>>> print(open('data_10.txt').read())   # compact mmCIF, C-alpha atoms
# COMPACT_ATOMS: atom_id res chain seq x y z
CA MET A 1 27.81 6.69 1.97
CA LYS A 2 26.48 7.71 5.40
CA LYS A 3 22.88 6.60 5.09
CA LEU A 4 21.00 4.17 2.86
CA VAL A 5 17.21 3.82 2.46
CA SER A 6 15.76 1.23 0.06
CA LEU A 7 12.40 1.75 -1.66
CA TRP A 8 10.78 -0.84 -3.94
CA TYR A 9 8.53 0.46 -6.71
CA ASN A 10 8.88 -2.07 -9.49
CA ASN A 11 6.13 -3.68 -11.51
CA VAL A 12 3.40 -5.59 -9.74
CA ILE A 13 4.61 -9.15 -9.27
CA VAL A 14 3.41 -12.33 -7.63
CA GLY A 15 5.64 -14.27 -5.29
CA LEU A 16 5.84 -16.57 -2.29
CA LYS A 17 3.50 -15.57 0.56
CA ASP A 18 4.20 -17.56 3.69
CA THR A 19 6.03 -17.61 7.01
CA MET A 20 9.64 -16.64 7.65
CA GLU A 21 10.61 -20.28 8.26
CA ILE A 22 9.20 -21.39 4.92
CA LEU A 23 10.85 -18.41 3.23
CA PHE A 24 14.32 -19.38 4.48
CA ALA A 25 13.73 -23.01 3.55
CA SER A 26 12.69 -21.87 0.05
CA LEU A 27 15.84 -19.74 -0.16
CA ASN A 28 18.00 -22.75 0.61
CA ARG A 29 16.24 -24.64 -2.21
CA ASN A 30 16.56 -21.63 -4.54
CA GLU A 31 12.81 -21.65 -5.23
CA PRO A 32 11.84 -19.47 -8.23
CA GLU A 33 8.52 -18.44 -6.58
CA ILE A 34 10.29 -16.03 -4.23
CA SER A 35 9.73 -12.53 -5.61
CA LEU A 36 12.64 -10.15 -6.15
CA SER A 37 11.05 -7.61 -3.82
CA THR A 38 11.02 -10.16 -1.00
CA LEU A 39 14.71 -10.91 -1.61
CA TYR A 40 15.56 -7.20 -1.49
CA ALA A 41 13.46 -6.77 1.66
CA LEU A 42 15.24 -9.69 3.31
CA ALA A 43 18.69 -8.35 2.32
CA CYS A 44 17.83 -4.90 3.70
CA ILE A 45 16.55 -6.34 6.97
CA MET A 46 19.73 -8.41 7.39
CA GLU A 47 21.85 -5.29 6.78
CA ASN A 48 19.59 -3.06 8.92
CA VAL A 49 18.69 -0.83 5.96
CA PRO A 50 15.19 0.77 6.03
CA PHE A 51 12.99 -0.83 3.35
CA ILE A 52 9.75 0.62 1.94
CA ASN A 53 7.44 -1.35 -0.34
CA GLY A 54 5.59 0.85 -2.85
CA SER A 55 3.94 -2.01 -4.74
CA PRO A 56 0.72 -3.80 -3.74
CA HIS A 57 2.05 -7.36 -3.56
CA ASN A 58 2.97 -9.02 -0.28
CA THR A 59 6.69 -8.35 0.12
CA PHE A 60 6.89 -8.40 3.90
CA VAL A 61 6.98 -12.11 4.57
CA PRO A 62 9.88 -11.68 7.06
CA VAL A 63 8.13 -9.15 9.36
CA ASP A 64 9.17 -11.11 12.46
CA LEU A 65 12.78 -10.94 11.32
CA ALA A 66 12.55 -7.15 10.92
CA ILE A 67 11.24 -6.85 14.49
CA LYS A 68 13.93 -9.19 15.81
CA ARG A 69 16.71 -7.21 14.10
CA ASN A 70 15.05 -3.84 14.82
CA SER A 71 15.17 -2.99 11.11
CA LEU A 72 12.64 -0.42 9.85
CA ILE A 73 10.10 -1.50 7.21
CA GLY A 74 7.02 0.21 5.74
CA GLY A 75 4.35 -0.22 3.06
CA ASP A 76 2.41 -1.41 1.05
CA ASP A 77 1.42 0.42 -2.16
CA PHE A 78 1.59 4.19 -2.51
CA LYS A 79 -1.60 6.12 -1.78
CA SER A 80 -2.19 8.97 -4.23
CA GLY A 81 -4.80 10.51 -6.54
CA GLN A 82 -7.92 8.37 -6.82
CA THR A 83 -7.27 6.49 -3.59
CA LYS A 84 -6.91 9.69 -1.55
CA MET A 85 -10.32 10.89 -2.75
CA LYS A 86 -11.83 7.52 -1.86
CA PHE A 87 -10.27 7.71 1.58
CA VAL A 88 -12.06 11.02 2.24
CA LEU A 89 -15.44 10.23 0.66
CA VAL A 90 -16.10 6.76 2.04
CA ASP A 91 -16.58 8.12 5.56
CA PHE A 92 -20.00 9.61 4.73
CA LEU A 93 -21.22 7.35 1.92
CA VAL A 94 -23.02 4.87 4.16
CA GLY A 95 -24.58 1.97 2.24
CA ALA A 96 -22.73 3.07 -0.87
CA GLY A 97 -21.79 1.36 -4.09
CA ILE A 98 -18.37 2.38 -5.41
CA LYS A 99 -17.18 1.72 -8.97
CA SER A 100 -13.57 2.63 -9.78
CA TYR A 101 -12.31 2.67 -13.37
CA ASN A 102 -8.60 3.09 -14.16
CA HIS A 103 -7.08 3.50 -17.63
CA LEU A 104 -3.27 3.24 -17.74
CA GLY A 105 -0.90 3.06 -20.69
CA ASN A 106 2.39 2.82 -18.82
CA ASN A 107 4.29 -0.24 -17.61
CA ASP A 108 2.05 -0.62 -14.56
CA GLY A 109 -1.00 -0.77 -16.81
CA MET A 110 0.58 -3.47 -18.96
CA ASN A 111 1.42 -5.64 -15.96
CA LEU A 112 -1.94 -5.09 -14.31
CA SER A 113 -3.70 -6.39 -17.42
CA ALA A 114 -2.66 -9.89 -16.30
CA PRO A 115 -5.28 -11.43 -13.93
CA GLN A 116 -2.77 -12.71 -11.38
CA THR A 117 -1.14 -9.29 -10.95
CA PHE A 118 -4.41 -7.34 -11.07
CA GLN A 119 -5.64 -9.23 -8.02
CA SER A 120 -2.92 -7.67 -5.81
CA MET A 121 -3.92 -4.15 -6.86
CA GLU A 122 -7.64 -4.91 -6.49
CA ILE A 123 -7.10 -6.07 -2.92
CA SER A 124 -4.89 -3.07 -2.14
CA LYS A 125 -7.44 -0.54 -3.46
CA SER A 126 -10.32 -2.29 -1.70
CA ASN A 127 -8.44 -2.36 1.60
CA VAL A 128 -8.60 1.43 1.81
CA VAL A 129 -12.39 1.30 1.92
CA ASP A 130 -12.46 -1.73 4.24
CA ASP A 131 -10.09 -0.04 6.72
CA MET A 132 -12.17 3.13 6.82
CA VAL A 133 -15.33 1.11 7.44
CA ALA A 134 -13.64 -0.92 10.18
CA ILE A 135 -12.93 2.20 12.24
CA SER A 136 -16.40 3.71 11.71
CA ALA A 137 -18.45 1.50 14.02
CA ILE A 138 -21.05 4.23 14.51
CA LEU A 139 -21.79 4.53 10.76
CA TYR A 140 -21.50 0.86 9.78
CA GLU A 141 -22.96 -2.26 11.33
CA PRO A 142 -20.66 -5.28 11.88
CA GLY A 143 -20.08 -6.94 8.51
CA GLU A 144 -21.53 -3.99 6.57
CA HIS A 145 -19.38 -2.32 3.93
CA PRO A 146 -19.82 -0.52 0.60
CA ASN A 147 -20.18 -2.58 -2.58
CA HIS A 148 -16.80 -1.78 -4.09
CA VAL A 149 -15.79 -2.72 -7.66
CA VAL A 150 -12.35 -1.98 -9.15
CA VAL A 151 -11.66 -2.06 -12.92
CA ILE A 152 -8.19 -1.49 -14.43
CA LYS A 153 -7.66 -1.41 -18.20
CA TYR A 154 -4.44 -1.16 -20.20
CA VAL A 155 -4.83 1.57 -22.85
CA THR A 156 -1.51 2.28 -24.58
CA TYR A 157 -2.63 5.63 -25.99
CA VAL A 158 -2.87 7.37 -22.60
CA GLY A 159 0.71 6.46 -21.66
CA ASP A 160 1.62 7.83 -18.23
CA SER A 161 -1.45 10.11 -18.27
CA LYS A 162 -3.71 8.04 -16.06
CA ARG A 163 -7.51 8.28 -16.30
CA ALA A 164 -9.29 7.60 -13.03
CA MET A 165 -13.10 7.59 -13.01
CA ASP A 166 -15.13 6.96 -9.87
CA GLU A 167 -18.83 6.64 -9.21
CA TYR A 168 -20.06 6.88 -5.61
CA THR A 169 -23.73 5.90 -5.33
CA SER A 170 -25.35 6.20 -1.90
CA LYS A 171 -28.82 6.02 -0.41
CA ILE A 172 -30.72 9.19 0.45
CA PHE A 173 -34.15 10.11 1.85
CA MET A 174 -37.14 7.85 1.05
CA GLY A 175 -35.09 5.20 -0.74
CA GLY A 176 -33.64 7.58 -3.28
CA GLN A 177 -30.09 7.48 -4.59
CA SER A 178 -27.38 10.08 -5.03
CA THR A 179 -24.41 9.54 -7.33
CA ILE A 180 -21.15 11.51 -7.21
CA VAL A 181 -19.01 11.09 -10.34
CA LEU A 182 -15.33 12.08 -10.40
CA HIS A 183 -13.00 12.11 -13.41
CA ASN A 184 -9.32 12.64 -12.68
CA THR A 185 -6.55 12.83 -15.33
CA TYR A 186 -2.94 13.13 -14.20
CA LYS A 187 0.63 11.98 -14.81
CA ASP A 188 0.93 8.89 -12.68
CA SER A 189 4.68 9.19 -12.15
CA LEU A 190 4.53 12.89 -11.21
CA LEU A 191 1.81 12.25 -8.65
CA VAL A 192 3.73 9.49 -6.91
CA ALA A 193 7.20 11.14 -7.02
CA PRO A 194 6.67 13.42 -3.99
CA VAL A 195 5.19 10.48 -2.06
CA ILE A 196 8.42 8.56 -2.71
CA LEU A 197 10.52 11.50 -1.48
CA ASP A 198 8.42 11.88 1.67
CA LEU A 199 8.61 8.16 2.42
CA VAL A 200 12.40 8.08 2.08
CA LEU A 201 12.85 11.18 4.26
CA LEU A 202 10.47 9.87 6.93
CA ALA A 203 12.18 6.46 6.88
CA GLU A 204 15.56 8.08 7.45
CA LEU A 205 14.13 10.31 10.18
CA GLY A 206 12.66 7.25 11.87
CA THR A 207 16.11 5.70 12.19
CA LEU A 208 17.61 8.84 13.74
CA ILE A 209 15.09 9.52 16.53
CA GLN A 210 15.54 7.92 19.95
CA LEU A 211 12.81 8.14 22.61
CA LYS A 212 11.79 6.78 25.99
CA ALA A 213 8.79 6.93 28.30
CA GLU A 214 9.03 8.63 31.69
CA ARG A 215 9.69 5.39 33.57
CA GLU A 216 11.95 3.74 30.98
CA GLY A 217 15.62 3.51 31.78
CA LYS A 218 17.14 4.08 28.37
CA PHE A 219 16.32 5.52 24.97
CA HIS A 220 15.20 3.27 22.12
CA SER A 221 14.24 3.65 18.46
CA PHE A 222 10.75 3.54 16.92
CA HIS A 223 9.09 0.16 16.41
CA PRO A 224 10.49 -1.48 13.24
CA VAL A 225 7.02 -1.59 11.64
CA ALA A 226 6.98 2.09 10.78
CA THR A 227 3.39 3.27 11.14
CA ILE A 228 4.59 6.86 10.75
CA ILE A 229 5.20 6.23 7.04
CA ASN A 230 2.47 3.65 6.44
CA TYR A 231 -0.12 6.45 6.42
CA LEU A 232 1.09 7.24 2.89
CA THR A 233 0.27 3.73 1.61
CA LYS A 234 -2.98 2.04 0.53
CA ALA A 235 -2.54 -1.14 2.54
CA PRO A 236 -0.59 0.00 5.62
CA LEU A 237 1.47 -2.65 7.34
CA CYS A 238 0.62 -2.70 11.04
CA LEU A 239 0.67 -4.97 14.06
CA LEU A 240 -2.43 -5.32 16.23
>>> encode(input="data_10.txt", output="structure tokens")
Amino acid sequence: MKKLVSLWYNNVIVGLKDTMEILFASLNRNEPEISLSTLYALACIMENVPFINGSPHNTFVPVDLAIKRNSLIGGDDFKSGQTKMKFVLVDFLVGAGIKSYNHLGNNDGMNLSAPQTFQSMEISKSNVVDDMVAISAILYEPGEHPNHVVVIKYVTYVGDSKRAMDEYTSKIFMGGQSTIVLHNTYKDSLLVAPVILDLVLLAELGTLIQLKAEREGKFHSFHPVATIINYLTKAPLCLL
């Protein structure tokens, strides 16, 4: 095998969220709170294998280790369907109230019906709106952001045919309100499959390219925190 890229897209899980030092100490004690995705991420970083996290939970505890070992990582949580629409619309819905309803009957829906796992997805979906507001200083005052509510329900009948319903309510002239309602039905797995392929291809490409600035002496690879692929995720991992 010439090239290996690892992509995590398992069920939403809750695990240890702390520093690299605490993570290694927990490993030595064989703590059960360490999530499987974090273990896979750590193994990939140690073996210099690109690792992409497609789930909303915090897998990248050992970010500093990835930078130290120059091992490519990217994530979190695939951005597709409902989230892409939200990404586009939020830019002009100043002072808006956003209500997002999701009906899923697949394995993700079953796991997200648990409060502790739903919280990860709620934060991930909300981050898309928060990030857009943060870069729109002209439209939004400091501390101002849309009132955003996310609801996810497990409905076995719909199976993999996800129902996504959004209401975007914004202020208009003379204190009036305008509401845009979207209803989207699609196969969840089919929508995310091309995103997975793109992420894997971009991750591999990122390990092959070498570059240098005009005054730099030698070529080097991209930064290990791969912003080039994080654009395709809801909660992009980045370093300020």
>>> closest_residue(input="data_10.txt", among="A:Gly206, A:Pro32, A:Pro236, A:Gly175", to="Asn53 in chain A", atoms="all atoms listed in the file")
A:Pro236
>>> atom_distance(input="data_10.txt", atom1="CA of Asp166 in chain A", atom2="CA of Val150 in chain A")
9.4 Å
>>> axis_aligned_box(input="data_10.txt", around="range 170-181 of chain A", padding_each_side="5 Å", output="lines of an AutoDock Vina configuration file")
center_x = -28.1
center_y = 8.4
center_z = -4.2
size_x = 28.1
size_y = 16.3
size_z = 22.2
>>> closest_residue(input="data_10.txt", among="A:Ser35, A:Ser26, A:Ser71, A:Ser170", to="Ser6 in chain A", atoms="all atoms listed in the file")
A:Ser71
>>> residues_around(input="data_10.txt", residues="Phe222 in chain A", least_positions_apart="6", cutoff="9 Å", atoms="all atoms listed in the file", output="PyMOL selection string")
chain A and resi 70+72+206-207+209-211
>>> atom_distance(input="data_10.txt", atom1="CA of Leu197 in chain A", atom2="CA of Met85 in chain A")
20.9 Å
>>> atom_distance(input="data_10.txt", atom1="CA of Tyr168 in chain A", atom2="CA of Thr185 in chain A")
17.7 Å
>>> residues_around(input="data_10.txt", residues="Asp76 in chain A", least_positions_apart="3", cutoff="7 Å", atoms="only C-alpha atoms", output="short mmCIF file (atom, residue, chain, number, x, y, z; two decimals) with C-alpha atoms, in the frame of the given file")
data_model
loop_
_atom_site.label_atom_id
_atom_site.label_comp_id
_atom_site.auth_asym_id
_atom_site.auth_seq_id
_atom_site.Cartn_x
_atom_site.Cartn_y
_atom_site.Cartn_z
CA ASN A 53 7.44 -1.35 -0.34
CA GLY A 54 5.59 0.85 -2.85
CA SER A 55 3.94 -2.01 -4.74
CA PRO A 56 0.72 -3.80 -3.74
CA THR A 233 0.27 3.73 1.61
CA LYS A 234 -2.98 2.04 0.53
CA ALA A 235 -2.54 -1.14 2.54
CA PRO A 236 -0.59 0.00 5.62
CA LEU A 237 1.47 -2.65 7.34
#
>>> closest_residue(input="data_10.txt", among="A:Ile52, A:Ile73, A:Val63, A:Val149", to="Val195 in chain A", atoms="only C-alpha atoms")
A:Ile52
>>> closest_residue(input="data_10.txt", among="A:Leu36, A:Ile196, A:Leu104, A:Ala43", to="Lys162 in chain A", atoms="only C-alpha atoms")
A:Leu104
>>> closest_residue(input="data_10.txt", among="A:Glu216, A:Glu167, A:Glu204, A:Glu144", to="Asn184 in chain A", atoms="only C-alpha atoms")
A:Glu167
>>> residues_around(input="data_10.txt", residues="Leu205 in chain A", least_positions_apart="2", cutoff="12 Å", atoms="only C-alpha atoms", output="JSON, numbers by chain")
{"A": [3, 4, 5, 50, 72, 198, 199, 200, 201, 202, 203, 207, 208, 209, 210, 221, 222, 226, 228, 229]}
